[in-house]
Amino acid sequence: MEAPGLTVHGEAAPFSTALRSLINNPLYSDVRFVVGQERQEVFAHRCLLACRCNFFQRLLGSEPGPGVPSPVVLSTVPAEAFLAVLEFLYTNSAKLHRHSVLEVLTAAVEYGLEELRELCLKFVMKVLDVELVCEALQIAVSFGLGPLQERCVAFIEAHSQETLRTRGFLELSAPALLLLLRSDKLCVDEAELVLAARSWARVGAAVLEQPVAEVAAPVVRELRLALLAPAELNALEEQNRREPLIPVEQIVEAWKCHALRRGDEARGAPCRRRRGTLLREHHRFLDLPFK
């Protein structure tokens, strides 16, 4: 009986180099993409994409034909991110950059490339900084990426004041902002959080063409107005008359906490201090300190 054959392996590097030379190479290409807002033309090879990725297998069909659009338009993915995806599909490796890794991560999630997604997540967690964290949090919330969401929230808790000043903070969705406002560990005072929430709502109002109070409605209930001193509440009420942001009844509830002090109304999250809350004279009457 003939002995079973032996699988032998050549060097991987020349093989990878050869495949890398085919990325965006019109030579032998049988599919053409137009990608991103810049509408950059990208060449690829149908059989390789289809065998490596179910998304492309469904997109391109089993064989070329009139039912397959030419070129294939993918307008939502930037060209740089799409080329990184191709690099991974061709070589099982990709060069990631801080400025574009979130776009590659988004593409990996949308195309069902789990291994590339995990590589992007590890890279994001290594390079996470104040300018990147809100955009990363938004992607984590949008796609249900739990570990990244937890990492981003923890980073923002430790760098709250710097994060509130970034453009990324102003562009957060309401569900993402809610995650932050529900945290006891934010290193920022409530007065600054109120100002940040107003700035966030103004930006959203301009984009959505809606009243500030309407944009703010899903999140302002998480502001802990009872932590503000009476003079601050008075100033907030006056500003709220000029530019409505917070429901009147929520401000009334804050005044109740001041009036009742140790009463039942002065309990719970609306009166609980955060890590960055500045102490005020009336805080000694609140029964739930920062935990």
# chains A, B, ... in the order shown; residues from 1 in each chain; ligands from 1
call {"tool": "residues_around", "arguments": {"residues": "Glu114 (chain A)", "least_positions_apart": "5", "cutoff": "12 Å", "atoms": "only C-alpha atoms", "output": "list in words"}}
result
Arg52, Cys53, Asn54, Val85, Phe88, Leu89, Leu105, Thr106, Ala107, Ala108, Val109, Leu119, Cys120, Leu121 and Leu145 of chain A
call {"tool": "write_last_selection", "arguments": {"atoms": "C-alpha atoms", "output": "PDB file, in the first residue's frame"}}
result
ATOM      1  CA  ARG A  52     -12.184  35.210   0.657  1.00  0.00           C
ATOM      2  CA  CYS A  53     -15.323  37.146   1.542  1.00  0.00           C
ATOM      3  CA  ASN A  54     -19.005  36.200   1.466  1.00  0.00           C
ATOM      4  CA  VAL A  85      -9.464  45.710   2.901  1.00  0.00           C
ATOM      5  CA  PHE A  88      -6.022  41.954   3.733  1.00  0.00           C
ATOM      6  CA  LEU A  89      -8.028  39.816   1.316  1.00  0.00           C
ATOM      7  CA  LEU A 105     -12.885  48.838  10.979  1.00  0.00           C
ATOM      8  CA  THR A 106     -16.258  50.003   9.668  1.00  0.00           C
ATOM      9  CA  ALA A 107     -15.645  48.294   6.330  1.00  0.00           C
ATOM     10  CA  ALA A 108     -14.506  45.097   8.058  1.00  0.00           C
ATOM     11  CA  VAL A 109     -17.716  44.990  10.095  1.00  0.00           C
ATOM     12  CA  LEU A 119      -7.012  43.325  14.169  1.00  0.00           C
ATOM     13  CA  CYS A 120      -8.498  46.808  13.782  1.00  0.00           C
ATOM     14  CA  LEU A 121      -9.962  46.710  17.306  1.00  0.00           C
ATOM     15  CA  LEU A 145     -18.709  46.402  19.694  1.00  0.00           C
TER      16      LEU A 145
END
call {"tool": "residues_around", "arguments": {"residues": "Glu171 (chain A)", "least_positions_apart": "6", "cutoff": "8 Å", "atoms": "only C-alpha atoms", "output": "compact mmCIF listing (two decimals) with N, CA and C atoms, in the first residue's frame"}}
result
# COMPACT_ATOMS: atom_id res chain seq x y z
N TRP A 200 -23.38 70.54 22.42
CA TRP A 200 -23.73 69.36 21.62
C TRP A 200 -25.10 69.52 20.98
N VAL A 203 -25.18 72.03 18.03
CA VAL A 203 -24.65 71.47 16.79
C VAL A 203 -25.69 70.55 16.15
N GLY A 204 -26.29 69.69 16.95
CA GLY A 204 -27.31 68.79 16.42
C GLY A 204 -28.51 69.55 15.86
call {"tool": "residues_around", "arguments": {"residues": "Phe56 (chain A)", "least_positions_apart": "6", "cutoff": "9 Å", "atoms": "only C-alpha atoms", "output": "ChimeraX atom specification"}}
result
/A:46,49-50,111
call {"tool": "write_last_selection", "arguments": {"atoms": "N, CA, C and O atoms", "output": "mmCIF file, in the first residue's frame"}}
result
data_model
loop_
_atom_site.group_PDB
_atom_site.id
_atom_site.type_symbol
_atom_site.label_atom_id
_atom_site.label_comp_id
_atom_site.auth_asym_id
_atom_site.auth_seq_id
_atom_site.Cartn_x
_atom_site.Cartn_y
_atom_site.Cartn_z
ATOM 1 N N ARG A 46 -12.072 38.951 -9.337
ATOM 2 C CA ARG A 46 -13.333 38.436 -8.839
ATOM 3 C C ARG A 46 -13.184 37.136 -8.031
ATOM 4 O O ARG A 46 -13.737 37.002 -6.934
ATOM 5 N N LEU A 49 -11.667 37.718 -4.475
ATOM 6 C CA LEU A 49 -12.580 38.388 -3.546
ATOM 7 C C LEU A 49 -13.701 37.441 -3.120
ATOM 8 O O LEU A 49 -14.075 37.392 -1.944
ATOM 9 N N ALA A 50 -14.252 36.686 -4.081
ATOM 10 C CA ALA A 50 -15.390 35.823 -3.791
ATOM 11 C C ALA A 50 -15.020 34.670 -2.864
ATOM 12 O O ALA A 50 -15.805 34.280 -1.995
ATOM 13 N N TYR A 111 -18.455 44.212 5.878
ATOM 14 C CA TYR A 111 -18.164 43.129 4.937
ATOM 15 C C TYR A 111 -18.055 41.767 5.623
ATOM 16 O O TYR A 111 -17.789 40.762 4.963
#
call {"tool": "closest_residue", "arguments": {"among": "A:Asn92, A:Gly276, A:Leu179, A:Phe55", "to": "Ala140 (chain A)", "atoms": "only C-alpha atoms"}}
result
A:Leu179
call {"tool": "select_by_dssp", "arguments": {"residues": "region 100-190 of chain A", "states": "alpha helix (DSSP H)", "output": "MDAnalysis selection string"}}
result
chainID A and resid 101:110 114:127 130:143 146:158 160:164 167:170 174:181 190
call {"tool": "closest_residue", "arguments": {"among": "A:Ala94, A:Ala217, A:Val194, A:Glu150", "to": "Gln239 (chain A)", "atoms": "only C-alpha atoms"}}
result
A:Val194
call {"tool": "closest_residue", "arguments": {"among": "A:Glu237, A:Ala191, A:Leu113, A:Glu243", "to": "Ala213 (chain A)", "atoms": "only C-alpha atoms"}}
result
A:Glu243
call {"tool": "atom_distance", "arguments": {"atom1": "CA of His97 (chain A)", "atom2": "CA of Val130 (chain A)"}}
result
16.3 Å
call {"tool": "select_by_dssp", "arguments": {"residues": "region 29-240 of chain A", "states": "strand (DSSP E or B)", "output": "ChimeraX atom specification"}}
result
/A:31-35,40-44,72-74
call {"tool": "residues_around", "arguments": {"residues": "Glu157 (chain A)", "least_positions_apart": "3", "cutoff": "9 Å", "atoms": "only C-alpha atoms", "output": "JSON, numbers by chain"}}
result
{"A": [152, 153, 154, 160, 180, 183, 184, 185, 186, 187, 188, 275]}
call {"tool": "atom_distance", "arguments": {"atom1": "CA of Glu110 (chain A)", "atom2": "CA of Val77 (chain A)"}}
result
10.0 Å
call {"tool": "closest_atom_pairs", "arguments": {"of": "region 128-228 of chain A", "to": "region 250-255 of chain A", "cutoff": "10 Å", "atoms": "only C-alpha atoms", "output": "Markdown table"}}
result
| residue | atom | partner | partner_atom | distance |
| --- | --- | --- | --- | --- |
| A:Val220 | CA | A:Gln250 | CA | 9.0 |
| A:Arg221 | CA | A:Gln250 | CA | 7.4 |
| A:Leu223 | CA | A:Gln250 | CA | 9.3 |
| A:Arg224 | CA | A:Ala254 | CA | 8.0 |
| A:Leu225 | CA | A:Ala254 | CA | 5.5 |
| A:Ala226 | CA | A:Ala254 | CA | 4.4 |
| A:Leu227 | CA | A:Ala254 | CA | 8.1 |
| A:Leu228 | CA | A:Ala254 | CA | 8.4 |
call {"tool": "write_last_selection", "arguments": {"atoms": "N, CA, C and O atoms", "output": "mmCIF file, in the first residue's frame"}}
result
data_model
loop_
_atom_site.group_PDB
_atom_site.id
_atom_site.type_symbol
_atom_site.label_atom_id
_atom_site.label_comp_id
_atom_site.auth_asym_id
_atom_site.auth_seq_id
_atom_site.Cartn_x
_atom_site.Cartn_y
_atom_site.Cartn_z
ATOM 1 N N VAL A 220 -30.827 65.057 28.294
ATOM 2 C CA VAL A 220 -30.690 66.022 29.397
ATOM 3 C C VAL A 220 -31.168 65.482 30.730
ATOM 4 O O VAL A 220 -30.761 65.985 31.783
ATOM 5 N N ARG A 221 -31.999 64.455 30.708
ATOM 6 C CA ARG A 221 -32.456 63.880 31.977
ATOM 7 C C ARG A 221 -31.308 63.294 32.792
ATOM 8 O O ARG A 221 -31.432 63.087 33.998
ATOM 9 N N LEU A 223 -28.449 64.781 33.235
ATOM 10 C CA LEU A 223 -27.702 65.854 33.904
ATOM 11 C C LEU A 223 -28.161 65.955 35.356
ATOM 12 O O LEU A 223 -29.362 65.995 35.635
ATOM 13 N N ARG A 224 -27.225 66.030 36.271
ATOM 14 C CA ARG A 224 -27.528 65.992 37.705
ATOM 15 C C ARG A 224 -27.565 67.419 38.255
ATOM 16 O O ARG A 224 -26.627 67.898 38.902
ATOM 17 N N LEU A 225 -28.679 68.080 37.974
ATOM 18 C CA LEU A 225 -28.788 69.507 38.280
ATOM 19 C C LEU A 225 -28.767 69.783 39.781
ATOM 20 O O LEU A 225 -28.390 70.885 40.203
ATOM 21 N N ALA A 226 -29.162 68.806 40.583
ATOM 22 C CA ALA A 226 -29.159 69.020 42.033
ATOM 23 C C ALA A 226 -27.757 69.216 42.578
ATOM 24 O O ALA A 226 -27.598 69.726 43.702
ATOM 25 N N LEU A 227 -26.734 68.858 41.811
ATOM 26 C CA LEU A 227 -25.356 69.063 42.265
ATOM 27 C C LEU A 227 -24.940 70.531 42.155
ATOM 28 O O LEU A 227 -23.950 70.936 42.766
ATOM 29 N N LEU A 228 -25.682 71.317 41.382
ATOM 30 C CA LEU A 228 -25.346 72.728 41.206
ATOM 31 C C LEU A 228 -25.779 73.527 42.422
ATOM 32 O O LEU A 228 -26.783 73.229 43.076
#
call {"tool": "atom_distance", "arguments": {"atom1": "CA of Ser100 (chain A)", "atom2": "CA of Ile156 (chain A)"}}
result
20.7 Å
call {"tool": "closest_residue", "arguments": {"among": "A:Arg98, A:His258, A:Glu118, A:Leu164", "to": "Leu132 (chain A)", "atoms": "only C-alpha atoms"}}
result
A:Arg98
call {"tool": "closest_residue", "arguments": {"among": "A:Ala231, A:Ala216, A:Leu116, A:Val207", "to": "Ala174 (chain A)", "atoms": "only C-alpha atoms"}}
result
A:Ala216
call {"tool": "residues_around", "arguments": {"residues": "Cys51 (chain A)", "least_positions_apart": "6", "cutoff": "12 Å", "atoms": "only C-alpha atoms", "output": "list in words"}}
result
His45, Gln57, Arg58, Leu60, Gly61, Ser62, Leu89 and Tyr90 of chain A
call {"tool": "write_last_selection", "arguments": {"atoms": "N, CA and C atoms", "output": "compact mmCIF listing (two decimals), in the first residue's frame"}}
result
# COMPACT_ATOMS: atom_id res chain seq x y z
N HIS A 45 -9.78 41.26 -8.54
CA HIS A 45 -9.91 39.96 -9.21
C HIS A 45 -11.05 39.20 -8.54
N GLN A 57 -18.75 37.71 -2.57
CA GLN A 57 -19.33 36.59 -3.31
C GLN A 57 -20.77 36.91 -3.69
N ARG A 58 -21.53 37.46 -2.74
CA ARG A 58 -22.92 37.83 -3.04
C ARG A 58 -22.99 39.03 -3.97
N LEU A 60 -20.80 40.11 -6.24
CA LEU A 60 -20.30 39.90 -7.60
C LEU A 60 -20.99 38.77 -8.34
N GLY A 61 -21.68 37.91 -7.61
CA GLY A 61 -22.35 36.80 -8.26
C GLY A 61 -21.40 35.66 -8.55
N SER A 62 -21.94 34.57 -9.02
CA SER A 62 -21.12 33.37 -9.24
C SER A 62 -20.26 33.48 -10.49
N LEU A 89 -7.46 40.95 2.05
CA LEU A 89 -8.03 39.82 1.32
C LEU A 89 -6.98 39.12 0.45
N TYR A 90 -6.07 39.89 -0.10
CA TYR A 90 -5.04 39.32 -0.98
C TYR A 90 -3.90 38.68 -0.19
call {"tool": "closest_residue", "arguments": {"among": "A:Leu245, A:Ala235, A:Leu148, A:Ala84", "to": "Ala196 (chain A)", "atoms": "only C-alpha atoms"}}
result
A:Leu245
